[in-house]
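Participant: Next up, protein-v4.csv (CSV, C-alpha atoms and all ligand atoms).
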chain,number,residue,atom,x,y,z
S,1,MET,CA,240.6,-129.3,114.6
S,2,ARG,CA,244.2,-129.4,113.6
S,3,SER,CA,244.3,-125.6,113.2
S,4,LYS,CA,242.6,-125.2,116.6
S,5,ILE,CA,245.3,-127.3,118.2
S,6,LEU,CA,248.0,-125.3,116.5
S,7,ALA,CA,246.4,-122.0,117.5
S,8,SER,CA,246.3,-123.1,121.1
S,9,ALA,CA,249.9,-124.3,121.1
S,10,PRO,CA,251.4,-120.9,121.8
S,11,ALA,CA,249.1,-120.4,124.8
S,12,ALA,CA,250.0,-123.8,126.1
S,13,VAL,CA,253.7,-123.0,125.7
S,14,ALA,CA,253.1,-119.7,127.5
S,15,VAL,CA,251.4,-121.5,130.4
S,16,LEU,CA,254.3,-124.0,130.6
S,17,VAL,CA,256.9,-121.2,130.6
S,18,LEU,CA,255.1,-119.3,133.3
S,19,ALA,CA,254.9,-122.4,135.4
S,20,MET,CA,258.6,-123.0,135.0
S,21,VAL,CA,259.3,-119.5,135.9
S,22,PHE,CA,257.3,-119.8,139.1
S,23,LEU,CA,259.0,-123.1,140.0
S,24,ALA,CA,262.4,-121.6,139.4
S,25,VAL,CA,261.9,-118.6,141.7
S,26,PRO,CA,263.2,-119.4,145.2
S,27,THR,CA,260.5,-119.1,147.8
S,28,THR,CA,262.8,-116.8,149.7
S,29,ARG,CA,262.6,-114.1,147.0
S,30,VAL,CA,261.6,-110.7,148.4
S,31,GLU,CA,258.5,-109.3,146.7
S,32,ASN,CA,259.3,-105.7,146.0
S,33,ALA,CA,256.1,-104.4,147.5
S,34,ASN,CA,256.6,-106.3,150.7
S,35,ALA,CA,260.1,-105.5,152.1
S,36,TYR,CA,260.7,-102.7,154.5
S,37,PHE,CA,263.4,-100.6,156.1
S,38,GLN,CA,262.8,-100.6,159.8
S,39,PRO,CA,262.9,-97.6,162.1
S,40,THR,CA,265.6,-99.3,164.2
S,41,ASN,CA,268.3,-101.9,163.7
S,42,ILE,CA,266.9,-105.4,163.4
S,43,ARG,CA,268.7,-107.1,166.4
S,44,ALA,CA,266.8,-110.3,166.9
S,45,SER,CA,268.1,-112.8,164.4
S,46,GLY,CA,266.5,-115.8,166.1
S,47,LEU,CA,269.6,-117.8,165.4
S,48,ILE,CA,271.0,-117.8,169.0
S,49,GLY,CA,270.8,-121.3,170.4
S,50,THR,CA,270.0,-122.9,167.0
S,51,LYS,CA,273.6,-124.0,166.1
S,52,THR,CA,273.1,-122.0,162.9
S,53,LEU,CA,275.5,-119.3,161.8
S,54,ALA,CA,274.9,-116.6,159.2
S,55,LEU,CA,278.4,-115.3,158.3
S,56,THR,CA,278.3,-111.7,157.1
S,57,PHE,CA,281.3,-109.9,155.6
S,58,ASP,CA,281.2,-106.1,155.5
S,59,ASP,CA,283.1,-103.3,153.8
S,60,GLY,CA,284.4,-105.2,150.8
S,61,PRO,CA,284.9,-106.5,148.3
S,62,SER,CA,288.7,-106.3,148.3
S,63,THR,CA,291.7,-108.0,146.8
S,64,PHE,CA,291.3,-110.7,149.6
S,65,THR,CA,287.7,-111.5,148.7
S,66,ALA,CA,288.6,-114.0,146.0
S,67,GLU,CA,290.6,-116.1,148.5
S,68,LEU,CA,287.7,-115.9,151.0
S,69,LEU,CA,285.3,-117.2,148.3
S,70,ASP,CA,287.7,-120.1,147.7
S,71,VAL,CA,287.7,-120.9,151.5
S,72,LEU,CA,283.9,-120.7,151.6
S,73,ALA,CA,283.6,-123.0,148.6
S,74,GLU,CA,286.0,-125.5,150.1
S,75,ASN,CA,283.9,-125.7,153.2
S,76,ASN,CA,280.6,-125.6,151.3
S,77,VAL,CA,279.5,-122.5,153.2
S,78,LYS,CA,277.2,-119.7,151.7
S,79,ALA,CA,277.6,-116.3,153.3
S,80,THR,CA,276.2,-112.7,152.9
S,81,PHE,CA,278.4,-109.9,151.7
S,82,PHE,CA,277.5,-106.3,152.7
S,83,VAL,CA,279.4,-104.5,150.0
S,84,LEU,CA,280.2,-100.8,149.6
S,85,GLY,CA,279.5,-99.1,146.3
S,86,THR,CA,282.9,-97.6,146.1
S,87,ARG,CA,284.5,-101.1,146.2
S,88,ALA,CA,281.8,-103.0,144.3
S,89,ARG,CA,282.3,-100.6,141.4
S,90,ASN,CA,285.9,-101.8,141.1
S,91,HIS,CA,285.2,-105.5,141.7
S,92,SER,CA,282.4,-106.4,139.3
S,93,ALA,CA,283.8,-109.9,138.6
S,94,LEU,CA,283.8,-110.7,142.4
S,95,LEU,CA,280.2,-109.7,142.7
S,96,ALA,CA,279.3,-111.9,139.7
S,97,ARG,CA,281.2,-114.8,141.4
S,98,MET,CA,279.3,-114.2,144.7
S,99,ALA,CA,276.0,-114.4,142.9
S,100,ARG,CA,277.1,-117.4,140.8
S,101,GLU,CA,278.2,-119.4,143.9
S,102,GLY,CA,275.0,-118.8,145.9
S,103,HIS,CA,276.1,-116.0,148.3
S,104,VAL,CA,273.8,-113.1,149.0
S,105,ILE,CA,275.1,-109.6,148.0
S,106,ALA,CA,273.8,-107.0,150.4
S,107,ASN,CA,274.0,-103.2,150.7
S,108,HIS,CA,276.3,-101.4,153.2
S,109,SER,CA,275.9,-97.9,151.7
S,110,TYR,CA,278.0,-96.3,149.0
S,111,ASN,CA,281.0,-95.0,150.9
S,112,HIS,CA,280.5,-96.2,154.5
S,113,ALA,CA,278.8,-92.9,155.5
S,114,GLN,CA,277.7,-92.6,159.1
S,115,LEU,CA,274.0,-92.0,158.5
S,116,GLY,CA,273.4,-89.5,161.2
S,117,ARG,CA,271.8,-86.1,161.4
S,118,ARG,CA,273.2,-84.8,158.1
S,119,TYR,CA,271.4,-87.6,156.2
S,120,ALA,CA,268.2,-87.1,158.1
S,121,ALA,CA,268.2,-83.5,156.9
S,122,SER,CA,269.0,-84.5,153.3
S,123,PRO,CA,266.8,-87.3,152.0
S,124,GLU,CA,268.4,-87.1,148.6
S,125,LEU,CA,271.9,-87.7,150.1
S,126,LEU,CA,270.5,-90.7,152.0
S,127,THR,CA,268.8,-92.1,148.9
S,128,GLU,CA,272.1,-91.7,146.9
S,129,GLN,CA,274.0,-93.8,149.5
S,130,ILE,CA,271.6,-96.8,149.1
S,131,ALA,CA,270.7,-96.4,145.4
S,132,GLY,CA,274.3,-96.1,144.2
S,133,THR,CA,275.2,-99.5,145.7
S,134,ASP,CA,271.8,-101.0,144.8
S,135,ALA,CA,272.4,-100.4,141.1
S,136,LEU,CA,275.7,-102.3,141.3
S,137,ILE,CA,274.2,-105.2,143.3
S,138,THR,CA,271.1,-105.6,141.1
S,139,VAL,CA,273.2,-106.2,138.0
S,140,HIS,CA,274.5,-109.4,139.5
S,141,ALA,CA,271.9,-110.5,142.0
S,142,GLY,CA,268.7,-109.8,140.0
S,143,ASN,CA,265.6,-111.4,141.6
S,144,ASN,CA,267.5,-114.5,142.7
S,145,GLN,CA,268.0,-113.3,146.3
S,146,GLY,CA,266.4,-111.0,148.9
S,147,TYR,CA,267.8,-107.5,149.5
S,148,TYR,CA,269.3,-106.5,152.8
S,149,PHE,CA,270.8,-103.4,154.2
S,150,ARG,CA,273.2,-102.9,157.1
S,151,ALA,CA,274.0,-99.4,158.4
S,152,PRO,CA,277.7,-98.4,158.6
S,153,TYR,CA,278.6,-98.4,162.4
S,154,GLY,CA,275.0,-99.4,163.1
S,155,VAL,CA,274.1,-95.7,162.9
S,156,TRP,CA,270.5,-95.3,161.8
S,157,ARG,CA,267.6,-92.9,162.3
S,158,ARG,CA,263.9,-93.6,162.3
S,159,VAL,CA,263.2,-91.0,159.6
S,160,HIS,CA,265.5,-92.8,157.2
S,161,ALA,CA,263.1,-95.8,157.0
S,162,ASP,CA,260.2,-93.4,156.0
S,163,VAL,CA,262.3,-91.8,153.2
S,164,LEU,CA,263.6,-95.1,151.8
S,165,ASN,CA,260.3,-97.0,152.0
S,166,ALA,CA,258.7,-94.3,149.9
S,167,ASP,CA,261.2,-95.0,147.2
S,168,PRO,CA,259.7,-97.5,144.6
S,169,VAL,CA,263.0,-99.2,144.1
S,170,LEU,CA,264.7,-99.1,147.5
S,171,LYS,CA,261.7,-100.3,149.5
S,172,LYS,CA,262.6,-103.8,148.5
S,173,TYR,CA,265.3,-103.8,151.2
S,174,VAL,CA,265.0,-105.4,154.7
S,175,GLY,CA,267.2,-103.7,157.2
S,176,PRO,CA,269.2,-102.4,158.9
S,177,VAL,CA,270.3,-105.9,159.8
S,178,TYR,CA,272.5,-106.0,162.9
S,179,TRP,CA,274.6,-108.8,164.2
S,180,ASP,CA,274.9,-111.2,167.2
S,181,ILE,CA,278.6,-112.1,167.2
S,182,GLY,CA,281.8,-110.2,166.3
S,183,GLY,CA,280.7,-106.8,167.5
S,184,GLU,CA,283.4,-106.2,170.0
S,185,THR,CA,286.5,-107.6,171.6
S,186,ALA,CA,285.9,-108.5,175.3
S,187,PHE,CA,287.8,-110.3,178.1
S,188,ASP,CA,286.8,-112.3,181.2
S,189,ASP,CA,288.0,-111.5,184.8
S,190,GLU,CA,291.2,-113.4,184.2
S,191,GLY,CA,292.0,-111.4,181.1
S,192,GLN,CA,291.1,-114.2,178.7
S,193,VAL,CA,289.5,-113.2,175.5
S,194,ARG,CA,285.8,-114.1,175.4
S,195,ALA,CA,284.8,-112.3,172.2
S,196,SER,CA,286.5,-110.8,169.2
S,197,ALA,CA,285.8,-108.2,166.5
S,198,ASP,CA,288.2,-108.8,163.6
S,199,TRP,CA,288.9,-105.1,162.8
S,200,ASP,CA,289.8,-104.6,166.5
S,201,CYS,CA,292.0,-107.8,166.5
S,202,TRP,CA,294.1,-106.5,163.7
S,203,SER,CA,294.5,-103.1,165.2
S,204,ARG,CA,295.8,-104.9,168.3
S,205,ASP,CA,298.1,-106.9,166.0
S,206,TRP,CA,296.7,-110.3,167.1
S,207,THR,CA,297.2,-113.4,165.0
S,208,PRO,CA,294.3,-115.1,163.2
S,209,ASP,CA,294.4,-117.8,165.8
S,210,GLU,CA,294.1,-115.4,168.7
S,211,CYS,CA,291.3,-113.5,167.1
S,212,GLY,CA,289.5,-116.7,166.0
S,213,LEU,CA,289.6,-117.9,169.6
S,214,GLY,CA,287.4,-114.9,170.7
S,215,TYR,CA,285.0,-115.7,167.9
S,216,MET,CA,284.8,-119.4,168.8
S,217,ARG,CA,284.2,-118.6,172.5
S,218,GLU,CA,281.4,-116.2,171.7
S,219,ILE,CA,279.9,-118.7,169.3
S,220,ALA,CA,280.2,-121.4,171.9
S,221,ARG,CA,278.2,-119.3,174.4
S,222,LYS,CA,275.5,-118.2,172.0
S,223,ARG,CA,275.3,-121.4,169.9
S,224,GLY,CA,274.4,-119.5,166.8
S,225,GLY,CA,273.8,-116.1,165.4
S,226,ILE,CA,274.6,-113.6,162.7
S,227,VAL,CA,278.4,-113.2,162.7
S,228,LEU,CA,280.1,-109.9,161.7
S,229,MET,CA,283.4,-109.9,159.9
S,230,HIS,CA,285.2,-107.8,157.3
S,231,ASP,CA,286.6,-109.1,154.0
S,232,ILE,CA,289.2,-106.3,153.7
S,233,ARG,CA,292.1,-107.9,155.6
S,234,GLU,CA,294.0,-111.0,154.7
S,235,ARG,CA,294.1,-112.1,158.4
S,236,THR,CA,290.3,-112.3,158.4
S,237,VAL,CA,290.5,-114.8,155.5
S,238,ARG,CA,293.1,-116.8,157.3
S,239,MET,CA,291.0,-116.8,160.5
S,240,VAL,CA,287.9,-118.0,158.5
S,241,ARG,CA,290.0,-120.7,156.9
S,242,ASN,CA,291.0,-121.9,160.4
S,243,VAL,CA,287.6,-121.9,162.1
S,244,LEU,CA,285.2,-123.1,159.5
S,245,PRO,CA,286.3,-126.8,159.6
S,246,VAL,CA,286.1,-126.7,163.4
S,247,LEU,CA,282.7,-125.2,163.4
S,248,ARG,CA,281.5,-127.7,160.8
S,249,ALA,CA,282.9,-130.6,163.0
S,250,GLU,CA,281.0,-129.2,165.9
S,251,GLY,CA,277.8,-129.5,163.9
S,252,TYR,CA,277.1,-125.8,163.0
S,253,LYS,CA,274.9,-125.1,160.0
S,254,PHE,CA,275.6,-122.1,157.8
S,255,VAL,CA,273.0,-120.0,156.1
S,256,THR,CA,272.7,-116.8,154.1
S,257,LEU,CA,270.3,-114.0,155.3
S,258,ASP,CA,267.8,-115.4,152.8
S,259,GLU,CA,267.5,-118.5,155.1
S,260,VAL,CA,267.1,-116.5,158.3
S,261,ARG,CA,263.4,-117.0,158.9
S,262,SER,CA,263.1,-114.2,161.5
S,263,LEU,CA,263.7,-111.7,158.6
S,264,ASP,CA,260.6,-112.9,156.8
S,265,GLN,CA,258.4,-110.9,159.1
S,266,PHE,CA,259.9,-107.7,157.6
S,267,LYS,CA,259.2,-108.8,154.1
S,268,THR,CA,255.5,-109.7,154.2
S,269,PRO,CA,252.8,-107.9,156.2
S,270,SER,CA,250.4,-110.2,157.8
S,271,GLY,CA,247.3,-108.3,156.6
S,272,GLU,CA,246.3,-105.3,154.5
S,273,ASP,CA,245.7,-103.0,157.5
S,274,VAL,CA,248.2,-104.5,159.7
S,275,PRO,CA,251.4,-102.5,160.0
S,276,VAL,CA,254.6,-104.3,159.1
S,277,ALA,CA,256.5,-105.8,162.1
S,278,ASP,CA,258.6,-103.4,164.1
S,279,ALA,CA,262.2,-104.4,164.8
S,280,GLY,CA,261.8,-103.2,168.3
S,281,THR,CA,259.1,-105.7,169.2
S,282,PRO,CA,260.0,-109.0,167.6
S,283,SER,CA,257.7,-111.9,168.5
S,284,SER,CA,259.6,-114.9,169.6
S,285,ASN,CA,257.4,-117.5,167.8
S,286,VAL,CA,258.6,-116.3,164.4
S,287,LEU,CA,262.3,-116.1,165.3
S,288,MET,CA,263.3,-119.7,164.8
S,289,ALA,CA,265.8,-120.4,162.0
S,290,ARG,CA,265.1,-123.1,159.5
K,301,ZN,ZN,281.1,-101.4,157.8
As structure tokens, how would this structure be written, given the file I've shared?
Facilitator:
Amino acid sequence: MRSKILASAPAAVAVLVLAMVFLAVPTTRVENANAYFQPTNIRASGLIGTKTLALTFDDGPSTFTAELLDVLAENNVKATFFVLGTRARNHSALLARMAREGHVIANHSYNHAQLGRRYAASPELLTEQIAGTDALITVHAGNNQGYYFRAPYGVWRRVHADVLNADPVLKKYVGPVYWDIGGETAFDDEGQVRASADWDCWSRDWTPDECGLGYMREIARKRGGIVLMHDIRERTVRMVRNVLPVLRAEGYKFVTLDEVRSLDQFKTPSGEDVPVADAGTPSSNVLMAR
């Protein structure tokens, strides 16, 4: 009897360990078999009108990212970083910190290539762009987050999805993920800014306050969405520092892309013979944010 109990002890431990592993895995984890690059940019975030913002920072990390991470921590905000391989390679400690502090590290290609005709003609070049950055992200993120891709300049071709979904590693990505807010600088009839894009603000030599006003006005109109910014200029960090407390006070919630429920439909097919959802035809009932 005693020896029987001893013999079964390792099995019991194994079951317990397995149970703990399952409990520890966040429910938002992307199953590798069930994520998909889409033929077109995923434009419907489902966050508009929900008073929920998903901040996304592209093109970094840079020497200003550490300060940005400080600002996010001070405001208890988690964000998503669409990193470039060329920069991630030199900022390994920043990627480790992002993962440690609960941010999602996402893929924005290796060197910000415009993924146009040249890449449609050369599947191996396309794969290199995504795989090179994926390797750097995976080291830090592991299975603790979902995997998301955003195309540089939003340039994407239908054939790219076929190539990347056939790759056993890269098919874990959902994307390309577009944005709702921060795509362009725009003015009303009186010449007042009604929307800002940070890179454009800085090329116009605006202050962080001037640029932030455009972001705040677009956010006020849309009442939520995926927000595009770039963590490669100090002025963006100063702008974020200014606007976060205001948005918090106005009752906005902040989420990472892992918490954007509309993206779930691109992770899990609804049935074996049912094709995965197409970004061009989102159904409104699954687009509500948590
Ligand atoms: Zn970019």
Participant: Between atom CA of S:Ala120 and atom CA of S:Ala197, what is the distance in Å, rounded to a tenth?
Facilitator: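 So the two atoms, atom CA of S:Ala120 and atom CA of S:Ala197, lie 28.7 Å apart.
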Participant: Can you tell me which residues come within 6 Å of ligand ZN 301 (chain K) when counting only C-alpha atoms and all ligand atoms, ideally as number ranges by chain?
Facilitator: S: 58-59, 152
Participant: Distance table requested - stretch 232-255 of chain S against stretch 200-211 of chain S, cut-off 9 Å, all atoms listed in the file: one row per qualifying residue with the closest atom pair and its distance in Å to one decimal, ordered by chain and rising residue number, as JSON lines.
Facilitator:
{"residue": "S:Arg233", "atom": "CA", "partner": "S:Trp202", "partner_atom": "CA", "distance": 8.5}
{"residue": "S:Arg235", "atom": "CA", "partner": "S:Pro208", "partner_atom": "CA", "distance": 5.7}
{"residue": "S:Thr236", "atom": "CA", "partner": "S:Pro208", "partner_atom": "CA", "distance": 6.8}
{"residue": "S:Val237", "atom": "CA", "partner": "S:Pro208", "partner_atom": "CA", "distance": 8.6}
{"residue": "S:Arg238", "atom": "CA", "partner": "S:Pro208", "partner_atom": "CA", "distance": 6.3}
{"residue": "S:Met239", "atom": "CA", "partner": "S:Pro208", "partner_atom": "CA", "distance": 4.6}
{"residue": "S:Val240", "atom": "CA", "partner": "S:Pro208", "partner_atom": "CA", "distance": 8.5}
{"residue": "S:Asn242", "atom": "CA", "partner": "S:Asp209", "partner_atom": "CA", "distance": 7.6}
{"residue": "S:Val243", "atom": "CA", "partner": "S:Asp209", "partner_atom": "CA", "distance": 8.8}
Participant: In Å, rounded to a single decimal, give me how far atom CA of S:His112 is from atom CA of S:Leu213.
Facilitator: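 So the two atoms, atom CA of S:Leu213 and atom CA of S:His112, lie 28.0 Å apart.
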Participant: Which neighbours of S:Asp180 fall inside 12 Å, counting only C-alpha atoms, when residues of the same chain fewer than 6 positions from it are skipped, and could you give them as a list in words?
Facilitator: Asn41, Ile42, Arg43, Ala44, Ser45, Gly46, Leu47, Ile48, Gly49, Thr52, Leu53, Ala54, Leu55, Thr56, Ala195, Ser196, Ala197, Tyr215, Glu218, Ile219, Arg221, Lys222, Arg223, Gly224, Gly225, Ile226, Val227, Leu228 and Met229 of chain S
Participant: I need the chosen residues saved as a short mmCIF file (atom, residue, chain, number, x, y, z; two decimals), in the frame of the given file, with C-alpha atoms.
Facilitator:
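Result saved to result.cif:
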data_model
loop_
_atom_site.label_atom_id
_atom_site.label_comp_id
_atom_site.auth_asym_id
_atom_site.auth_seq_id
_atom_site.Cartn_x
_atom_site.Cartn_y
_atom_site.Cartn_z
CA ASN S 41 268.30 -101.90 163.70
CA ILE S 42 266.90 -105.40 163.40
CA ARG S 43 268.70 -107.10 166.40
CA ALA S 44 266.80 -110.30 166.90
CA SER S 45 268.10 -112.80 164.40
CA GLY S 46 266.50 -115.80 166.10
CA LEU S 47 269.60 -117.80 165.40
CA ILE S 48 271.00 -117.80 169.00
CA GLY S 49 270.80 -121.30 170.40
CA THR S 52 273.10 -122.00 162.90
CA LEU S 53 275.50 -119.30 161.80
CA ALA S 54 274.90 -116.60 159.20
CA LEU S 55 278.40 -115.30 158.30
CA THR S 56 278.30 -111.70 157.10
CA ALA S 195 284.80 -112.30 172.20
CA SER S 196 286.50 -110.80 169.20
CA ALA S 197 285.80 -108.20 166.50
CA TYR S 215 285.00 -115.70 167.90
CA GLU S 218 281.40 -116.20 171.70
CA ILE S 219 279.90 -118.70 169.30
CA ARG S 221 278.20 -119.30 174.40
CA LYS S 222 275.50 -118.20 172.00
CA ARG S 223 275.30 -121.40 169.90
CA GLY S 224 274.40 -119.50 166.80
CA GLY S 225 273.80 -116.10 165.40
CA ILE S 226 274.60 -113.60 162.70
CA VAL S 227 278.40 -113.20 162.70
CA LEU S 228 280.10 -109.90 161.70
CA MET S 229 283.40 -109.90 159.90
#
Participant: Of the candidates S:Asp189, S:Glu128, S:Asp167, S:Asp258, which one gets nearest to S:Ala79 if we count only C-alpha atoms?
Facilitator: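 Nearest candidate to S:Ala79 out of S:Asp189, S:Glu128, S:Asp167, S:Asp258: S:Asp258.
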Participant: Could you jot down the atom CA of S:Pro176 to atom CA of S:Arg150 separation for me, Å, one decimal place?
Facilitator: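 One can read the atom CA of S:Pro176 to atom CA of S:Arg150 distance as 4.4 Å.
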Participant: Extract, using all atoms listed in the file, all DNA, RNA and protein residues at most 9 Å from S:His140, discarding same-chain residues fewer than 5 positions from it, and format them as number ranges by chain.
Facilitator: S: 92, 95-100, 105
Participant: Which residue, S:Glu250, S:Asp198, S:Asp162, S:Asp264, has the smallest gap to S:Ile181 when you use only C-alpha atoms?
Facilitator: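 For S:Ile181, the nearest of the candidates is S:Asp198.
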